[in-house]
>>> print(open('protein-v6.cif').read())   # mmCIF, C-alpha atoms
data_data
#
loop_
_atom_site.group_PDB
_atom_site.id
_atom_site.type_symbol
_atom_site.label_atom_id
_atom_site.label_comp_id
_atom_site.auth_asym_id
_atom_site.auth_seq_id
_atom_site.Cartn_x
_atom_site.Cartn_y
_atom_site.Cartn_z
ATOM 1 C CA MET A 1 0.824 17.038 28.849
ATOM 2 C CA ASN A 2 0.175 14.441 31.577
ATOM 3 C CA LYS A 3 1.501 14.490 35.145
ATOM 4 C CA ARG A 4 4.264 12.000 34.394
ATOM 5 C CA ARG A 5 5.709 14.067 31.593
ATOM 6 C CA ILE A 6 5.521 17.221 33.694
ATOM 7 C CA ALA A 7 7.378 15.428 36.506
ATOM 8 C CA LEU A 8 9.986 14.190 34.038
ATOM 9 C CA LEU A 9 10.457 17.699 32.710
ATOM 10 C CA ILE A 10 10.872 19.146 36.208
ATOM 11 C CA LEU A 11 13.383 16.505 37.250
ATOM 12 C CA THR A 12 15.339 16.857 34.018
ATOM 13 C CA MET A 13 15.507 20.622 34.339
ATOM 14 C CA THR A 14 16.594 20.343 37.967
ATOM 15 C CA ALA A 15 19.326 17.903 36.963
ATOM 16 C CA ALA A 16 20.404 20.257 34.189
ATOM 17 C CA GLY A 17 20.565 23.067 36.741
ATOM 18 C CA LEU A 18 22.859 21.007 38.947
ATOM 19 C CA CYS A 19 25.098 20.334 35.958
ATOM 20 C CA VAL A 20 25.317 24.009 35.049
ATOM 21 C CA ARG A 21 26.046 24.956 38.648
ATOM 22 C CA SER A 22 28.839 22.417 38.859
ATOM 23 C CA ALA A 23 30.338 23.591 35.572
ATOM 24 C CA LEU A 24 30.296 27.241 36.626
ATOM 25 C CA ARG A 25 31.089 26.992 40.343
ATOM 26 C CA HIS A 26 33.251 24.224 41.691
ATOM 27 C CA PRO A 27 35.977 24.176 44.294
ATOM 28 C CA TRP A 28 38.687 22.587 42.181
ATOM 29 C CA THR A 29 41.101 24.316 39.846
ATOM 30 C CA SER A 30 41.971 22.400 36.716
ATOM 31 C CA LEU A 31 45.281 22.462 34.911
ATOM 32 C CA ASN A 32 43.567 23.552 31.726
ATOM 33 C CA GLN A 33 42.103 26.582 33.526
ATOM 34 C CA CYS A 34 45.612 27.518 34.632
ATOM 35 C CA LEU A 35 47.093 27.058 31.185
ATOM 36 C CA ASP A 36 44.355 29.214 29.668
ATOM 37 C CA GLN A 37 44.929 32.044 32.153
ATOM 38 C CA PRO A 38 48.416 31.596 33.622
ATOM 39 C CA GLU A 39 48.678 35.048 35.207
ATOM 40 C CA ARG A 40 45.359 34.650 37.007
ATOM 41 C CA TYR A 41 46.173 31.210 38.398
ATOM 42 C CA ASP A 42 49.812 31.831 39.311
ATOM 43 C CA GLY A 43 50.364 30.244 42.730
ATOM 44 C CA HIS A 44 47.043 28.386 42.739
ATOM 45 C CA GLU A 45 46.842 24.771 43.771
ATOM 46 C CA VAL A 46 45.746 22.554 40.902
ATOM 47 C CA THR A 47 43.739 19.470 41.812
ATOM 48 C CA GLN A 48 41.909 18.593 38.620
ATOM 49 C CA PHE A 49 43.673 16.945 35.729
ATOM 50 C CA ARG A 50 42.426 15.055 32.694
ATOM 51 C CA GLU A 51 43.570 11.440 33.018
ATOM 52 C CA PRO A 52 47.115 12.436 34.038
ATOM 53 C CA VAL A 53 49.922 10.080 33.091
ATOM 54 C CA ILE A 54 53.646 10.215 33.843
ATOM 55 C CA GLY A 55 55.587 11.029 30.675
ATOM 56 C CA LYS A 56 59.341 11.535 30.393
ATOM 57 C CA LEU A 57 61.211 11.311 33.664
ATOM 58 C CA PHE A 58 63.945 13.745 34.655
ATOM 59 C CA ALA A 59 66.217 13.986 37.655
ATOM 60 C CA ASP A 60 64.051 16.662 39.256
ATOM 61 C CA GLY A 61 60.619 15.718 38.035
ATOM 62 C CA PHE A 62 58.653 14.503 35.084
ATOM 63 C CA GLU A 63 56.520 15.572 32.172
ATOM 64 C CA LEU A 64 52.826 15.291 32.939
ATOM 65 C CA LEU A 65 50.704 14.122 30.043
ATOM 66 C CA GLN A 66 46.989 14.732 29.955
ATOM 67 C CA LYS A 67 44.341 13.221 27.721
ATOM 68 C CA ASP A 68 44.121 16.579 25.972
ATOM 69 C CA GLY A 69 46.386 19.564 26.227
ATOM 70 C CA PRO A 70 50.137 20.037 26.104
ATOM 71 C CA PRO A 71 52.586 18.201 28.366
ATOM 72 C CA VAL A 72 53.451 20.123 31.510
ATOM 73 C CA ARG A 73 56.658 19.972 33.523
ATOM 74 C CA VAL A 74 56.248 18.889 37.138
ATOM 75 C CA TYR A 75 59.027 19.340 39.712
ATOM 76 C CA CYS A 76 59.066 16.673 42.393
ATOM 77 C CA ASP A 77 60.921 13.752 43.912
ATOM 78 C CA THR A 78 60.847 11.046 41.245
ATOM 79 C CA THR A 79 61.488 8.102 43.573
ATOM 80 C CA GLY A 80 59.200 5.242 42.603
ATOM 81 C CA LEU A 81 57.746 6.965 39.559
ATOM 82 C CA ILE A 82 57.241 4.866 36.452
ATOM 83 C CA ARG A 83 56.707 6.265 32.994
ATOM 84 C CA GLY A 84 53.238 5.537 31.633
ATOM 85 C CA GLU A 85 51.533 5.138 35.007
ATOM 86 C CA PHE A 86 48.425 7.080 35.892
ATOM 87 C CA VAL A 87 49.014 9.478 38.723
ATOM 88 C CA GLY A 88 46.939 11.409 41.239
ATOM 89 C CA ILE A 89 48.503 14.761 41.948
ATOM 90 C CA ARG A 90 48.062 18.085 43.668
ATOM 91 C CA ALA A 91 50.457 20.796 42.566
ATOM 92 C CA THR A 92 51.085 24.517 42.637
ATOM 93 C CA PHE A 93 50.860 26.171 39.240
ATOM 94 C CA HIS A 94 53.357 28.813 38.171
ATOM 95 C CA ARG A 95 52.625 31.296 35.432
ATOM 96 C CA GLN A 96 55.698 30.181 33.521
ATOM 97 C CA GLY A 97 53.755 26.987 32.854
ATOM 98 C CA TYR A 98 55.215 24.452 35.274
ATOM 99 C CA LEU A 99 53.987 22.736 38.419
ATOM 100 C CA ASP A 100 55.471 22.142 41.847
ATOM 101 C CA GLN A 101 54.062 18.934 43.258
ATOM 102 C CA THR A 102 52.518 19.155 46.740
ATOM 103 C CA TYR A 103 51.109 15.652 46.808
ATOM 104 C CA LEU A 104 51.474 12.706 44.475
ATOM 105 C CA GLN A 105 50.071 9.211 44.398
ATOM 106 C CA ILE A 106 50.638 6.600 41.726
ATOM 107 C CA ALA A 107 47.259 5.267 40.640
ATOM 108 C CA THR A 108 48.275 1.627 40.662
ATOM 109 C CA LEU A 109 46.182 -0.853 38.690
ATOM 110 C CA ARG A 110 44.040 1.949 37.264
ATOM 111 C CA ARG A 111 43.862 0.374 33.821
ATOM 112 C CA GLU A 112 42.943 -2.983 35.325
ATOM 113 C CA LYS A 113 40.319 -1.269 37.476
ATOM 114 C CA MET A 114 38.811 0.349 34.398
ATOM 115 C CA VAL A 115 38.553 -3.005 32.632
ATOM 116 C CA ILE A 116 37.090 -4.749 35.678
ATOM 117 C CA SER A 117 34.615 -1.914 36.160
ATOM 118 C CA VAL A 118 33.379 -2.166 32.601
ATOM 119 C CA LEU A 119 32.511 -5.869 32.824
ATOM 120 C CA PRO A 120 29.744 -5.706 35.474
ATOM 121 C CA ALA A 121 28.402 -2.508 33.923
ATOM 122 C CA VAL A 122 28.052 -4.241 30.558
ATOM 123 C CA LEU A 123 26.504 -7.279 32.266
ATOM 124 C CA VAL A 124 23.938 -5.278 34.241
ATOM 125 C CA VAL A 125 23.017 -3.015 31.333
ATOM 126 C CA GLY A 126 22.824 -6.034 29.044
ATOM 127 C CA LEU A 127 20.583 -7.921 31.458
ATOM 128 C CA PHE A 128 18.446 -4.822 31.846
ATOM 129 C CA MET A 129 17.969 -4.624 28.089
ATOM 130 C CA CYS A 130 17.115 -8.317 27.992
ATOM 131 C CA ARG A 131 14.641 -7.998 30.856
ATOM 132 C CA PHE A 132 12.948 -4.741 29.908
ATOM 133 C CA ARG A 133 11.960 -3.039 26.684
ATOM 134 C CA TRP A 134 10.971 0.450 25.605
ATOM 135 C CA ASN A 135 7.356 0.834 24.520
ATOM 136 C CA ARG A 136 7.498 3.767 22.145
ATOM 137 C CA ARG A 137 3.745 4.114 21.871
ATOM 138 C CA LYS A 138 3.198 4.347 25.618
ATOM 139 C CA PHE A 139 6.534 6.103 26.211
ATOM 140 C CA GLN A 140 7.496 3.720 29.001
ATOM 141 C CA ILE A 141 9.833 0.918 30.029
ATOM 142 C CA GLU A 142 8.049 -2.365 30.599
ATOM 143 C CA PRO A 143 9.052 -5.985 31.197
ATOM 144 C CA ARG A 144 9.662 -8.029 28.076
ATOM 145 C CA ASP A 145 7.779 -11.003 29.485
ATOM 146 C CA ARG A 146 4.524 -8.992 29.554
ATOM 147 C CA ALA A 147 1.787 -11.103 27.990
ATOM 148 C CA MET B 1 -0.836 -2.190 35.504
ATOM 149 C CA VAL B 2 0.435 -3.632 38.785
ATOM 150 C CA HIS B 3 2.243 -6.947 38.688
ATOM 151 C CA LYS B 4 0.875 -8.294 41.944
ATOM 152 C CA ASP B 5 2.310 -11.719 41.299
ATOM 153 C CA ARG B 6 5.823 -10.478 40.469
ATOM 154 C CA PRO B 7 8.240 -11.602 43.168
ATOM 155 C CA VAL B 8 9.968 -8.714 44.845
ATOM 156 C CA HIS B 9 13.412 -10.109 44.087
ATOM 157 C CA ALA B 10 12.703 -10.097 40.348
ATOM 158 C CA LEU B 11 13.412 -6.389 40.369
ATOM 159 C CA ARG B 12 16.783 -6.717 42.081
ATOM 160 C CA LEU B 13 18.357 -6.069 38.689
ATOM 161 C CA LEU B 14 17.303 -2.470 39.278
ATOM 162 C CA PHE B 15 19.153 -2.511 42.582
ATOM 163 C CA TYR B 16 22.290 -3.630 40.731
ATOM 164 C CA LEU B 17 21.701 -0.915 38.157
ATOM 165 C CA GLY B 18 21.416 1.610 40.980
ATOM 166 C CA THR B 19 24.789 0.542 42.352
ATOM 167 C CA ILE B 20 26.514 1.423 39.077
ATOM 168 C CA LEU B 21 24.333 4.361 38.051
ATOM 169 C CA PRO B 22 26.509 7.163 39.496
ATOM 170 C CA ASP B 23 29.524 5.802 37.639
ATOM 171 C CA ILE B 24 27.893 5.032 34.287
ATOM 172 C CA LEU B 25 26.370 8.516 34.229
ATOM 173 C CA THR B 26 29.750 10.182 34.706
ATOM 174 C CA ARG B 27 32.882 8.165 34.059
ATOM 175 C CA PRO B 28 32.398 7.101 30.432
ATOM 176 C CA TRP B 29 31.824 10.713 29.469
ATOM 177 C CA TYR B 30 34.760 12.348 31.132
ATOM 178 C CA ILE B 31 37.128 9.532 30.273
ATOM 179 C CA LEU B 32 36.183 9.796 26.609
ATOM 180 C CA ILE B 33 35.561 13.559 26.593
ATOM 181 C CA PRO B 34 37.488 15.077 29.533
ATOM 182 C CA ALA B 35 35.854 18.479 29.074
ATOM 183 C CA THR B 36 32.539 17.036 30.297
ATOM 184 C CA HIS B 37 33.877 16.365 33.806
ATOM 185 C CA ASP B 38 32.572 19.543 35.440
ATOM 186 C CA TRP B 39 29.184 19.114 33.735
ATOM 187 C CA SER B 40 28.557 15.454 34.488
ATOM 188 C CA PHE B 41 29.999 15.481 38.001
ATOM 189 C CA PRO B 42 26.658 16.170 39.781
ATOM 190 C CA PHE B 43 25.447 12.706 38.805
ATOM 191 C CA HIS B 44 28.130 11.352 41.101
ATOM 192 C CA THR B 45 26.525 13.110 44.057
ATOM 193 C CA PRO B 46 23.447 11.842 45.943
ATOM 194 C CA ALA B 47 21.309 14.748 44.735
ATOM 195 C CA GLY B 48 22.151 14.257 41.070
ATOM 196 C CA ALA B 49 22.012 10.475 41.236
ATOM 197 C CA LEU B 50 18.654 10.633 43.048
ATOM 198 C CA LEU B 51 17.290 12.839 40.276
ATOM 199 C CA ALA B 52 18.556 10.310 37.749
ATOM 200 C CA CYS B 53 16.839 7.516 39.715
ATOM 201 C CA GLY B 54 13.631 9.559 39.677
ATOM 202 C CA ILE B 55 13.835 10.194 35.960
ATOM 203 C CA LEU B 56 14.565 6.545 35.214
ATOM 204 C CA ALA B 57 11.803 5.347 37.555
ATOM 205 C CA LEU B 58 9.264 7.662 35.939
ATOM 206 C CA LEU B 59 10.088 6.096 32.592
ATOM 207 C CA PHE B 60 8.819 2.749 33.873
ATOM 208 C CA GLU B 61 5.191 1.705 33.536
ATOM 209 C CA PRO B 62 3.104 3.142 36.397
ATOM 210 C CA GLY B 63 2.846 -0.132 38.329
ATOM 211 C CA LEU B 64 6.624 -0.463 38.574
ATOM 212 C CA GLN B 65 7.634 3.136 39.199
ATOM 213 C CA LYS B 66 7.672 3.021 42.991
ATOM 214 C CA ALA B 67 9.495 -0.307 43.133
ATOM 215 C CA ALA B 68 11.967 0.851 40.483
ATOM 216 C CA PHE B 69 12.731 4.069 42.344
ATOM 217 C CA THR B 70 13.195 2.261 45.655
ATOM 218 C CA ARG B 71 15.618 -0.285 44.213
ATOM 219 C CA LEU B 72 17.565 2.210 42.128
ATOM 220 C CA SER B 73 17.898 4.508 45.137
ATOM 221 C CA LEU B 74 19.013 1.739 47.490
ATOM 222 C CA GLY B 75 21.646 0.662 44.991
ATOM 223 C CA MET B 76 22.770 4.250 44.620
ATOM 224 C CA VAL B 77 23.069 4.642 48.408
ATOM 225 C CA LEU B 78 25.213 1.519 48.604
ATOM 226 C CA HIS B 79 27.437 2.935 45.860
ATOM 227 C CA PHE B 80 28.118 6.119 47.808
ATOM 228 C CA ILE B 81 28.674 4.295 51.086
ATOM 229 C CA LEU B 82 31.266 2.053 49.436
ATOM 230 C CA ASP B 83 32.860 4.916 47.506
ATOM 231 C CA GLY B 84 33.517 6.614 50.819
ATOM 232 C CA PHE B 85 36.102 3.936 51.606
ATOM 233 C CA GLN B 86 38.227 5.002 48.649
ATOM 234 C CA LYS B 87 40.985 7.529 49.241
ATOM 235 C CA GLN B 88 41.008 10.451 46.826
ATOM 236 C CA ILE B 89 43.525 13.151 45.997
ATOM 237 C CA ILE B 90 40.680 15.619 46.048
ATOM 238 C CA GLY B 91 37.291 14.844 47.494
ATOM 239 C CA ASN B 92 34.793 12.784 45.584
ATOM 240 C CA ASN B 93 32.112 12.316 48.232
ATOM 241 C CA PHE B 94 30.177 15.546 48.082
ATOM 242 C CA TRP B 95 27.105 14.141 49.732
ATOM 243 C CA LEU B 96 25.484 17.506 50.345
ATOM 244 C CA TYR B 97 25.986 18.992 46.877
ATOM 245 C CA PRO B 98 24.553 21.481 45.829
ATOM 246 C CA PHE B 99 24.380 22.846 49.367
ATOM 247 C CA SER B 100 27.967 22.107 50.304
ATOM 248 C CA TRP B 101 31.224 20.889 48.784
ATOM 249 C CA LYS B 102 32.234 19.196 52.034
ATOM 250 C CA ASP B 103 33.804 15.824 51.417
ATOM 251 C CA PHE B 104 32.282 13.034 53.517
ATOM 252 C CA GLY B 105 34.652 10.272 52.458
ATOM 253 C CA TYR B 106 36.339 8.183 55.133
ATOM 254 C CA GLY B 107 39.311 7.401 52.842
ATOM 255 C CA VAL B 108 40.473 3.985 53.968
ATOM 256 C CA LEU B 109 42.140 2.511 50.894
ATOM 257 C CA TRP B 110 43.431 3.658 47.525
ATOM 258 C CA ALA B 111 41.629 2.301 44.486
ATOM 259 C CA GLY B 112 44.495 -0.017 43.620
ATOM 260 C CA GLU B 113 44.384 -1.517 47.123
ATOM 261 C CA LEU B 114 40.643 -2.146 46.796
ATOM 262 C CA MET B 115 41.218 -4.381 43.810
ATOM 263 C CA ARG B 116 42.174 -7.315 46.020
ATOM 264 C CA TYR B 117 38.649 -7.373 47.455
ATOM 265 C CA ILE B 118 36.921 -7.643 44.095
ATOM 266 C CA PRO B 119 36.975 -11.474 43.965
ATOM 267 C CA MET B 120 35.337 -11.496 47.396
ATOM 268 C CA TRP B 121 32.582 -9.140 46.254
ATOM 269 C CA ILE B 122 31.974 -11.176 43.118
ATOM 270 C CA ALA B 123 31.795 -14.364 45.173
ATOM 271 C CA LEU B 124 29.290 -12.749 47.578
ATOM 272 C CA VAL B 125 27.025 -11.611 44.751
ATOM 273 C CA VAL B 126 27.196 -14.999 43.022
ATOM 274 C CA LEU B 127 26.418 -16.727 46.326
ATOM 275 C CA MET B 128 23.458 -14.433 46.927
ATOM 276 C CA GLU B 129 22.127 -15.086 43.437
ATOM 277 C CA LEU B 130 22.484 -18.835 43.916
ATOM 278 C CA ILE B 131 20.587 -18.674 47.207
ATOM 279 C CA ILE B 132 17.825 -16.628 45.572
ATOM 280 C CA ALA B 133 17.623 -19.057 42.647
ATOM 281 C CA PHE B 134 17.451 -21.994 45.081
ATOM 282 C CA CYS B 135 14.691 -20.337 47.116
ATOM 283 C CA ARG B 136 12.718 -19.535 43.971
ATOM 284 C CA ARG B 137 12.977 -23.106 42.721
ATOM 285 C CA LYS B 138 11.855 -24.404 46.103
ATOM 286 C CA GLN B 139 8.967 -21.915 46.140
ATOM 287 C CA LEU B 140 7.837 -22.900 42.651
ATOM 288 C CA SER B 141 8.043 -26.624 43.314
ATOM 289 C CA GLY B 142 6.570 -26.398 46.838
#
>>> encode(input="protein-v6.cif", output="structure tokens")
Amino acid sequence: MNKRRIALLILTMTAAGLCVRSALRHPWTSLNQCLDQPERYDGHEVTQFREPVIGKLFADGFELLQKDGPPVRVYCDTTGLIRGEFVGIRATFHRQGYLDQTYLQIATLRREKMVISVLPAVLVVGLFMCRFRWNRRKFQIEPRDRA
Amino acid sequence: MVHKDRPVHALRLLFYLGTILPDILTRPWYILIPATHDWSFPFHTPAGALLACGILALLFEPGLQKAAFTRLSLGMVLHFILDGFQKQIIGNNFWLYPFSWKDFGYGVLWAGELMRYIPMWIALVVLMELIIAFCRRKQLSG
């Protein structure tokens, strides 16, 4: 195995180690963690949600919808809240399965931001693929205009 | 093989790639598959993104590896500097991960508020590209 492949292996394994460390030890508590172990996370502040969106609105709060998982009741001031909007939220979890909001921010223009973010990414990646090619035999990226 | 005659600016595409690398290594995955968030997150830190730059650079032919790494890294640095301006509910600027989870963001504007500056950024990049194209044409004809 040549030096380049050894270096690639070392870097890849180091990156994998960082990923494992992040998955096992991170400072945030996710809503799904709380829902899986409600007794353990009773009273914990939840800061990690999976693409949270405002669902049904009530007088004293709303239903929080996540990309996966059941809807969760959030108690908060509903002034300015709009159903269907993405939301950034910090909340205290209660073992009964509801949240008390401690901080909330409507993520305005999030969908538009996603669309706008995709366009330059597609352009740059597309240009990269036009400019460079993968040489399978040499196991390397090289310019397409190589003579 | 070293491309001694390749203009330095011809590799600026790698700089642009570096500016989006932390996001393309993380966001598509946890938006599509939310469970991957905790696993992919390190690539949105300087340490993880630098490793990704190293891996990508090593995949280039030997003569381009150093230049590729430099440009990818510079783009990556710009990404994190600019990300620091964005307010977050929880931190997103863990510049010293894995040694610390301290958030280094300066939190000036929410993401929605940053949108108004996008046309300006696009105009700046287009202007820069036009200037580069003009200089190249002048260099080739001169």
>>> resolve_selection(input="protein-v6.cif", expression="the PyMOL selection byres ((chain A) within 9 of (chain B))", output="PyMOL selection string")
chain A and resi 4-5+7-9+11-12+14-16+18-24+26-28+47-51+67-68+88-90+103-105+107-110+112-113+116+120-121+124-125+127-128+131+134+138-143
>>> residues_around(input="protein-v6.cif", residues="Tyr75 in chain A", least_positions_apart="6", cutoff="7 Å", atoms="all atoms listed in the file", output="list of chain:residue names")
A:Asp60, A:Gly61, A:Phe62, A:Leu99, A:Asp100, A:Gln101
>>> residues_around(input="protein-v6.cif", residues="Ile82 in chain A", least_positions_apart="4", cutoff="10 Å", atoms="all atoms listed in the file", output="list in words")
Val53, Ile54, Gly55, Lys56, Leu57, Phe62, Thr78, Phe86, Val87 and Ile106 of chain A
>>> closest_residue(input="protein-v6.cif", among="B:Thr26, B:Val125, B:Pro46, B:Ser141", to="Leu74 in chain B", atoms="only C-alpha atoms")
B:Pro46
>>> resolve_selection(input="protein-v6.cif", expression="the PyMOL selection byres ((chain A and resi 95) around 12)", output="list in words")
Leu31, Gln33, Cys34, Leu35, Asp36, Gln37, Pro38, Glu39, Arg40, Tyr41, Asp42, Gly43, His44, Val72, Thr92, Phe93, His94, Gln96, Gly97, Tyr98, Leu99 and Asp100 of chain A
>>> residues_near_point(input="protein-v6.cif", point="(31.6, 0.7, 42.4)", cutoff="9 Å", atoms="all atoms listed in the file", output="MDAnalysis selection string")
(chainID A and resid 117) or (chainID B and resid 19:20 22:23 78:80 82:83)
>>> build_atoms(input="protein-v6.cif", residues="range 38-55 of chain B", atoms="N, CA and C atoms", output="short mmCIF file (atom, residue, chain, number, x, y, z; two decimals), keeping the file's coordinate frame")
data_model
loop_
_atom_site.label_atom_id
_atom_site.label_comp_id
_atom_site.auth_asym_id
_atom_site.auth_seq_id
_atom_site.Cartn_x
_atom_site.Cartn_y
_atom_site.Cartn_z
N ASP B 38 33.25 18.59 34.55
CA ASP B 38 32.57 19.54 35.44
C ASP B 38 31.06 19.52 35.24
N TRP B 39 30.62 19.14 34.04
CA TRP B 39 29.18 19.11 33.74
C TRP B 39 28.52 17.85 34.25
N SER B 40 29.18 16.73 34.12
CA SER B 40 28.56 15.45 34.49
C SER B 40 28.75 15.11 35.96
N PHE B 41 29.66 15.82 36.63
CA PHE B 41 30.00 15.48 38.00
C PHE B 41 28.80 15.37 38.96
N PRO B 42 27.80 16.26 38.85
CA PRO B 42 26.66 16.17 39.78
C PRO B 42 25.98 14.81 39.84
N PHE B 43 26.08 14.03 38.77
CA PHE B 43 25.45 12.71 38.80
C PHE B 43 26.22 11.73 39.66
N HIS B 44 27.40 12.16 40.13
CA HIS B 44 28.13 11.35 41.10
C HIS B 44 27.99 11.94 42.49
N THR B 45 26.88 12.64 42.72
CA THR B 45 26.52 13.11 44.06
C THR B 45 25.14 12.54 44.36
N PRO B 46 24.77 12.39 45.64
CA PRO B 46 23.45 11.84 45.94
C PRO B 46 22.30 12.63 45.31
N ALA B 47 22.40 13.95 45.30
CA ALA B 47 21.31 14.75 44.74
C ALA B 47 21.13 14.46 43.25
N GLY B 48 22.23 14.50 42.51
CA GLY B 48 22.15 14.26 41.07
C GLY B 48 21.75 12.84 40.75
N ALA B 49 22.33 11.88 41.49
CA ALA B 49 22.01 10.48 41.24
C ALA B 49 20.55 10.18 41.59
N LEU B 50 20.06 10.84 42.66
CA LEU B 50 18.65 10.63 43.05
C LEU B 50 17.72 11.17 41.96
N LEU B 51 18.08 12.30 41.39
CA LEU B 51 17.29 12.84 40.28
C LEU B 51 17.30 11.86 39.11
N ALA B 52 18.46 11.29 38.84
CA ALA B 52 18.56 10.31 37.75
C ALA B 52 17.70 9.09 38.05
N CYS B 53 17.69 8.65 39.31
CA CYS B 53 16.84 7.52 39.72
C CYS B 53 15.37 7.88 39.50
N GLY B 54 15.01 9.11 39.86
CA GLY B 54 13.63 9.56 39.68
C GLY B 54 13.23 9.59 38.22
N ILE B 55 14.12 10.12 37.40
CA ILE B 55 13.84 10.19 35.96
C ILE B 55 13.68 8.79 35.38
#
